[in-house]
Every structure is written in C-alpha cells, then in structure tokens.
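What follows is a single structure, written as structure tokens, with notes after it.
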Amino acid sequence: MPPVIPTTPWTVDHVRRIATQSGADLPLIGAADVQPMIPGMDLWDMWQLQHSDGRLVVRDGRSLWFFLAAPRMADPGARHDHARIRALSHGPDGWRDLGNALPDGFSPGSREWSGFAVLDDAGGMITLYFTAAGHRAGGPRFAQRLFETRRRLHDDTGEAMIDNWTPPVESIRPDGVHYVAAVQDEAEAGGIKGFRDPAWFRDPADSREYLLFTGSASPDPAAFDGVIGIAARDAGAWRLLPPIVDATGVNRELERPHIVMAGGRYYLFWSTWAHRFAPGVPGRTGLYAMVADRMAGPWRPVNGSGLVAANPVAEPFQTYCWWVTAEHRVISFIDLWGLAGRDPDAPGVARAQFGGTAAPWFALAFDGDRVTIA
C-alpha cells in the first residue's frame, strides 16, 4: 500500500512573512534578454528530459527539453488555446528546434499542456507525462486530463521526437473526494480549476514512484481552493492520495509542482501568480517551495513563507513558470517584460512586451529550510 503523506496547509500566516523577507527579487529583464527561440512562435512552460534520479540527460553535450509552443498571435493570451508540446535541444551554441514532440491528432485533447519527461536508463525508454486540455471532438474548453506515453530515446539528441510514441494512457482521474474534475467551458474571473501539470518523482529512500499535479480541492466550494495533488504507484498502477499541500482560502493555483533533492532533503517547488491569492493575502508572483526530511513529511515552507524567488516589484509580470533542475539551476519564460507601469490590457501592449522565450537562467543555494538565489 502507498504510504500515508499528511496534507500540509500553506497558510495566510506563512504568506504574510514575505513582507519581511529580503533577497528574493529577480533581476530586471532587459531587451538583450529577449531572444526568440523559434521564428514566428511563442514558447513558455518547459521541462527537461531527466534520468530517474533527476539528473539532466546529456548526449554529445546537448540536453533535451520540452516547451509549450504556439504561433505568435496578436493576443499572446490566446496561445493556451493552440498549445503544442515542442522539442528542443540545448547545448553550448544555445537552442535547436526539433519540431513538435507529438504527432497531429495524437493527444486525446484539443491542445497539449504541461508535463514531465523521464528516461528509463535500463530500457532506454522515455516516458512523457502531459496534460490533454479540452477534447478532440469539442466540449469543455478547460477540461484537463493527465496522460502518459513512451518511446525509445536514440543516441542522437538532435533526432525528431514526433514518431513512435505508444498510444497515450490516462494516468489518473479526479476522485471527487479530494480533487474536483476540471471540466469548465469558460474561465472564472479568478482563473480555472486544475487537474494538470503531471510531474514524476522517485523517492531515493525506497524507490517508490509518485506523480504530482496541480489540483483544485473537492468538495470545497471556495474560489481559492488550490492544492498540490499526488498519486503513488501501487502494484503497477497509480493510486490517488490526499493532497500533499493545501492552499484552500489562500491561493487557487499552485502550478507546475516538482520535487528536487538537495543535501538529503526533499524540496517541493511550484509557481503561482500574485493575482491567484485570495483578497488580502499579500503574495507575490514567484517560485515557492516546501521542504521535508522525508517524503512522508512533515513539510515546512522554505524561508518561513514559502517564497524562493519573485519578480521585482517594478516589473511584476516579467517572468513565470520557474522550473528547478536537479543541478539546482532554474529556467523560466519571459512573460510581460518592460511594461514600465503601462497597462498590459491596453491595445498592442501585451503583444509588444510578451517575450515568449526562455528567460535567463539562475541558480539556487540550499541550506536546510532556507533556499535563496545564489
């Protein structure tokens, strides 16, 4: 049976400690940082191909990455309705485009949203976990389901990824007890319900496999009902567990959760927006984390608040979706940069200032319950 992992609340009191926290501000993004990766396309949420112990897979000096991608449109916010998973390799000369990762019509959804990729070193097989948003034949636009598919990784990291995937299999489904089904046709004013962003983790202590995801609490009717969900592999199948982190009453979207090891401790990272916090809760758009000495917890907000890194106050929208690697490097994407106080909803502003490309890397320093920008 899967172990019991008590749910840890992320509370208003934790978040209020941000007000006295220093050293979390990221540098301002400048024009020189905004370098397109693929002509005519916007790219955002990303994840690497990793070994089962978290290390980056590197072949011939290049690593393999997956991004969400869409053609550049007048409204960059429309990209979510056209998102595909794109494969790129990264090396000393920068990024190389490898094309769409999955064939047309492969996903059970109408779009492909964020996921995770891990290499089985013994068998040489990649498992790609991803979110199928919507349905092929129409239906709720913001329906979210979690799938996985596999293919062999050949020796060349420059190979196209699009062929030879196994038929996608649904990993887990919301139970209506701990997690509500994400089946909205229209977004609410504060965002959408979540059942997305699968991220795999193998506990080095006992080799137990887990799947983390962005979820919404059920049956709690609160508008701010974000949780980090978790499932454990049991007898070859995923079994849902109660949420590992519960932000009910605090925040509605704890996005892209993933676990990284450092110094024998477990660090659970996620991203969220300032406007996803409940009214009166003084959160910032940034990278957050909790730490534990073992998978079963107890989990504690790092730095007392949970905040690790945040956009500077002068440019609160400049980057998003921070992803931490086992090498303790952090990548994100450039969102609305250089606004200089302008309204991003004003005509033409969002398109002119949306980066749609990878932001500059930075590193983290780990010291027990403290995690800081190195």
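Each chain of the structure tokens is named A, B, ... in the order shown, its residues numbered from 1; ligands are numbered from 1 in display order.
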Problem set entry | Selection near segment 316-327 of chain A, 7 Å with only C-alpha atoms, sequence-local residues under 5 positions removed, as a list in words | Ile29, Asp45, Trp47, Gly54, Arg55, Val260, Met261, Ser271, Thr285, Leu287, Asn311, Ser332, Phe333, Ile334, Asp335, Leu336 and Trp337 of chain A
Could the residues in this selection be saved with C-alpha atoms as a JSON list (two decimals), in the first residue's frame?
```
[["chain", "number", "residue", "atom", "x", "y", "z"],
["A", 29, "ILE", "CA", 14.67, 41.64, -17.77],
["A", 45, "ASP", "CA", 6.25, 26.37, -19.83],
["A", 47, "TRP", "CA", 10.71, 20.78, -18.62],
["A", 54, "GLY", "CA", 16.68, 13.74, -11.52],
["A", 55, "ARG", "CA", 19.96, 14.39, -13.36],
["A", 260, "VAL", "CA", 14.23, 18.26, -6.26],
["A", 261, "MET", "CA", 16.70, 16.69, -3.82],
["A", 271, "SER", "CA", 4.87, 28.65, -9.25],
["A", 285, "THR", "CA", 4.27, 36.21, -8.41],
["A", 287, "LEU", "CA", 8.71, 30.47, -7.23],
["A", 311, "ASN", "CA", 9.54, 39.15, -10.00],
["A", 332, "SER", "CA", 11.52, 30.18, -16.71],
["A", 333, "PHE", "CA", 9.98, 32.09, -19.61],
["A", 334, "ILE", "CA", 9.78, 35.80, -20.31],
["A", 335, "ASP", "CA", 6.20, 36.96, -19.98],
["A", 336, "LEU", "CA", 5.26, 40.67, -20.00],
["A", 337, "TRP", "CA", 8.56, 42.49, -19.53]]
```
Do a neighbour search on Ile162 of chain A at 8 Å with only C-alpha atoms, toss out local chain neighbours closer than 3 positions, and write the hits as a list in words. Gly99, Asn100, Ala101, Leu102, Pro103 and Trp165 of chain A
Discussion item. Env of segment 105-121 of chain A: 9 Å cut, atoms = only C-alpha atoms, seq-sep filter 4 positions within chain, self excluded. Answer as a ChimeraX atom specification.
Written reply: /A:45-52,54,57,65-68,80-85,125-138,141,143-147,152-153,167-168,196-200,256
Of A:Ala237, A:Val169, A:Ala160, A:Ala217, the one nearest to Ala182 of chain A when counting only C-alpha atoms is A:Ala217
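Every protein, DNA or RNA residue with an atom at most 10 Å from Arg62 of chain A, where only C-alpha atoms count and chain neighbours fewer than 3 positions away do not, is listed here: Leu56, Val57, Val58, Arg59, Trp65, Leu88, Ser89, His90, Gly91, Pro92, Asp93, Gly94, Trp95, Arg96, Asp156, Thr157 and Gly158 of chain A.
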Requested write-out: N, CA, C and O atoms of the selected residues, as a PDB file, in the first residue's frame:
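Listed below is the output, result.pdb:
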```
ATOM      1  N   LEU A  56      20.020  15.723 -15.360  1.00  0.00           N
ATOM      2  CA  LEU A  56      19.752  16.076 -16.741  1.00  0.00           C
ATOM      3  C   LEU A  56      20.360  15.029 -17.666  1.00  0.00           C
ATOM      4  O   LEU A  56      21.509  14.617 -17.496  1.00  0.00           O
ATOM      5  N   VAL A  57      19.586  14.574 -18.653  1.00  0.00           N
ATOM      6  CA  VAL A  57      20.113  13.662 -19.669  1.00  0.00           C
ATOM      7  C   VAL A  57      20.899  14.485 -20.686  1.00  0.00           C
ATOM      8  O   VAL A  57      20.358  15.403 -21.295  1.00  0.00           O
ATOM      9  N   VAL A  58      22.178  14.162 -20.846  1.00  0.00           N
ATOM     10  CA  VAL A  58      23.048  14.888 -21.776  1.00  0.00           C
ATOM     11  C   VAL A  58      23.687  13.889 -22.724  1.00  0.00           C
ATOM     12  O   VAL A  58      24.299  12.909 -22.286  1.00  0.00           O
ATOM     13  N   ARG A  59      23.520  14.127 -24.010  1.00  0.00           N
ATOM     14  CA  ARG A  59      24.137  13.311 -25.057  1.00  0.00           C
ATOM     15  C   ARG A  59      24.918  14.232 -25.985  1.00  0.00           C
ATOM     16  O   ARG A  59      24.366  15.201 -26.505  1.00  0.00           O
ATOM     17  N   TRP A  65      14.836  19.183 -24.163  1.00  0.00           N
ATOM     18  CA  TRP A  65      13.827  19.942 -23.437  1.00  0.00           C
ATOM     19  C   TRP A  65      12.508  19.931 -24.189  1.00  0.00           C
ATOM     20  O   TRP A  65      12.476  19.758 -25.414  1.00  0.00           O
ATOM     21  N   LEU A  88      13.086  20.698 -28.092  1.00  0.00           N
ATOM     22  CA  LEU A  88      14.286  21.445 -28.430  1.00  0.00           C
ATOM     23  C   LEU A  88      15.472  20.813 -27.716  1.00  0.00           C
ATOM     24  O   LEU A  88      15.314  20.186 -26.663  1.00  0.00           O
ATOM     25  N   SER A  89      16.656  20.966 -28.289  1.00  0.00           N
ATOM     26  CA  SER A  89      17.862  20.553 -27.583  1.00  0.00           C
ATOM     27  C   SER A  89      18.644  21.800 -27.193  1.00  0.00           C
ATOM     28  O   SER A  89      18.522  22.853 -27.825  1.00  0.00           O
ATOM     29  N   HIS A  90      19.426  21.666 -26.136  1.00  0.00           N
ATOM     30  CA  HIS A  90      20.203  22.798 -25.640  1.00  0.00           C
ATOM     31  C   HIS A  90      21.656  22.385 -25.467  1.00  0.00           C
ATOM     32  O   HIS A  90      21.955  21.322 -24.928  1.00  0.00           O
ATOM     33  N   GLY A  91      22.549  23.227 -25.956  1.00  0.00           N
ATOM     34  CA  GLY A  91      23.976  22.952 -25.853  1.00  0.00           C
ATOM     35  C   GLY A  91      24.760  24.241 -25.839  1.00  0.00           C
ATOM     36  O   GLY A  91      24.204  25.330 -25.669  1.00  0.00           O
ATOM     37  N   PRO A  92      26.080  24.145 -26.024  1.00  0.00           N
ATOM     38  CA  PRO A  92      26.924  25.343 -25.968  1.00  0.00           C
ATOM     39  C   PRO A  92      26.530  26.432 -26.963  1.00  0.00           C
ATOM     40  O   PRO A  92      26.771  27.621 -26.705  1.00  0.00           O
ATOM     41  N   ASP A  93      25.915  26.042 -28.076  1.00  0.00           N
ATOM     42  CA  ASP A  93      25.505  27.043 -29.070  1.00  0.00           C
ATOM     43  C   ASP A  93      24.068  27.511 -28.877  1.00  0.00           C
ATOM     44  O   ASP A  93      23.519  28.214 -29.718  1.00  0.00           O
ATOM     45  N   GLY A  94      23.446  27.132 -27.755  1.00  0.00           N
ATOM     46  CA  GLY A  94      22.086  27.570 -27.481  1.00  0.00           C
ATOM     47  C   GLY A  94      21.047  26.521 -27.831  1.00  0.00           C
ATOM     48  O   GLY A  94      21.298  25.315 -27.738  1.00  0.00           O
ATOM     49  N   TRP A  95      19.879  26.990 -28.291  1.00  0.00           N
ATOM     50  CA  TRP A  95      18.729  26.133 -28.526  1.00  0.00           C
ATOM     51  C   TRP A  95      18.631  25.718 -29.993  1.00  0.00           C
ATOM     52  O   TRP A  95      18.893  26.515 -30.891  1.00  0.00           O
ATOM     53  N   ARG A  96      18.225  24.453 -30.219  1.00  0.00           N
ATOM     54  CA  ARG A  96      17.926  23.953 -31.561  1.00  0.00           C
ATOM     55  C   ARG A  96      16.515  23.380 -31.570  1.00  0.00           C
ATOM     56  O   ARG A  96      16.156  22.574 -30.698  1.00  0.00           O
ATOM     57  N   ASP A 156      21.091  10.067 -30.632  1.00  0.00           N
ATOM     58  CA  ASP A 156      21.242  11.426 -31.132  1.00  0.00           C
ATOM     59  C   ASP A 156      20.181  12.343 -30.521  1.00  0.00           C
ATOM     60  O   ASP A 156      18.986  12.182 -30.810  1.00  0.00           O
ATOM     61  N   THR A 157      20.590  13.324 -29.691  1.00  0.00           N
ATOM     62  CA  THR A 157      19.625  14.237 -29.106  1.00  0.00           C
ATOM     63  C   THR A 157      19.108  15.236 -30.131  1.00  0.00           C
ATOM     64  O   THR A 157      18.235  16.034 -29.826  1.00  0.00           O
ATOM     65  N   GLY A 158      19.611  15.184 -31.346  1.00  0.00           N
ATOM     66  CA  GLY A 158      19.099  16.040 -32.402  1.00  0.00           C
ATOM     67  C   GLY A 158      17.998  15.387 -33.209  1.00  0.00           C
ATOM     68  O   GLY A 158      17.511  15.952 -34.198  1.00  0.00           O
TER      69      GLY A 158
END
```
Expressed in Å, the length from atom CA of Tyr288 of chain A to atom CA of Ala32 of chain A is 27.0 Å
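With distances restricted to only C-alpha atoms, A:Glu315 is the closest residue to Asp343 of chain A from A:Glu315, A:Ala365, A:Ile331, A:Ser63.
Residues with any atom within 7 Å of Tyr266 of chain A, counting only C-alpha atoms and excluding same-chain neighbours fewer than 4 positions away, are Ile259, Val260, Met261, Ala262, Val291, Ala292, Asp293, Arg294 and Met295 of chain A.
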May I have the residues from that selection written out with N, CA, C and O atoms, as a compact mmCIF listing (two decimals), in the first residue's frame?
```txt
# COMPACT_ATOMS: atom_id res chain seq x y z
N ILE A 259 9.58 17.98 -7.47
CA ILE A 259 10.45 17.75 -6.31
C ILE A 259 11.90 17.63 -6.77
O ILE A 259 12.21 16.93 -7.74
N VAL A 260 12.78 18.29 -6.03
CA VAL A 260 14.23 18.26 -6.26
C VAL A 260 14.91 17.91 -4.95
O VAL A 260 14.52 18.40 -3.88
N MET A 261 15.94 17.06 -5.00
CA MET A 261 16.70 16.69 -3.82
C MET A 261 17.90 17.61 -3.65
O MET A 261 18.53 18.01 -4.63
N ALA A 262 18.23 17.92 -2.40
CA ALA A 262 19.44 18.70 -2.09
C ALA A 262 19.83 18.40 -0.65
O ALA A 262 18.99 18.53 0.26
N VAL A 291 9.89 22.13 2.19
CA VAL A 291 11.00 21.20 2.40
C VAL A 291 10.59 20.16 3.43
O VAL A 291 9.81 20.44 4.35
N ALA A 292 11.13 18.96 3.27
CA ALA A 292 10.90 17.88 4.25
C ALA A 292 12.14 17.02 4.33
O ALA A 292 12.96 16.97 3.40
N ASP A 293 12.29 16.31 5.45
CA ASP A 293 13.42 15.41 5.63
C ASP A 293 13.13 14.02 5.06
O ASP A 293 14.04 13.21 4.92
N ARG A 294 11.88 13.76 4.76
CA ARG A 294 11.47 12.51 4.11
C ARG A 294 10.17 12.77 3.37
O ARG A 294 9.47 13.75 3.64
N MET A 295 9.84 11.89 2.46
CA MET A 295 8.68 12.10 1.61
C MET A 295 7.40 12.22 2.43
O MET A 295 6.50 13.01 2.09
```
Could you name the residues that touch segment 233-235 of chain A at 12 Å or less, counting only C-alpha atoms, but leaving out those on the same chain fewer than 5 positions away, as a ChimeraX atom specification? /A:1-3,171-172,200-203,207-212,240-241
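Near segment 278-280 of chain A, within 9 Å and counting only C-alpha atoms, sit Ala223, Phe224, Gly249, Val250, Asn251 and Arg252 of chain A; same-chain residues fewer than 6 positions away were not included.
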Just the strand (DSSP E) stuff from segment 20-222 of chain A, please, per backbone DSSP, written as a PyMOL selection string.
chain A and resi 41-51+58-59+62-71+84-91+94-100+111-120+125-133+144-152+169-170+195-202+209-216
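When atom CA of Pro242 of chain A is paired with atom CA of His178 of chain A, their separation reads 5.9 Å.
Distances here use only C-alpha atoms; by that measure, the residue among A:Gln184, A:Asn303, A:Thr149, A:Thr20 closest to Glu170 of chain A is A:Thr149.
Considering only C-alpha atoms, the residue among A:Ile244, A:Val15, A:Leu98, A:Met161 positioned nearest to Tyr179 of chain A is A:Ile244.
Among the candidate residues A:Ala374, A:Asp25, A:Val4, A:Trp44, the one lying nearest to Pro298 of chain A is A:Val4, with distances computed using only C-alpha atoms.
Of the listed residues A:Ile18, A:Val281, A:Met37, A:Ala363, the one whose atoms come nearest to His328 of chain A is A:Ala363, with distances taken using only C-alpha atoms.
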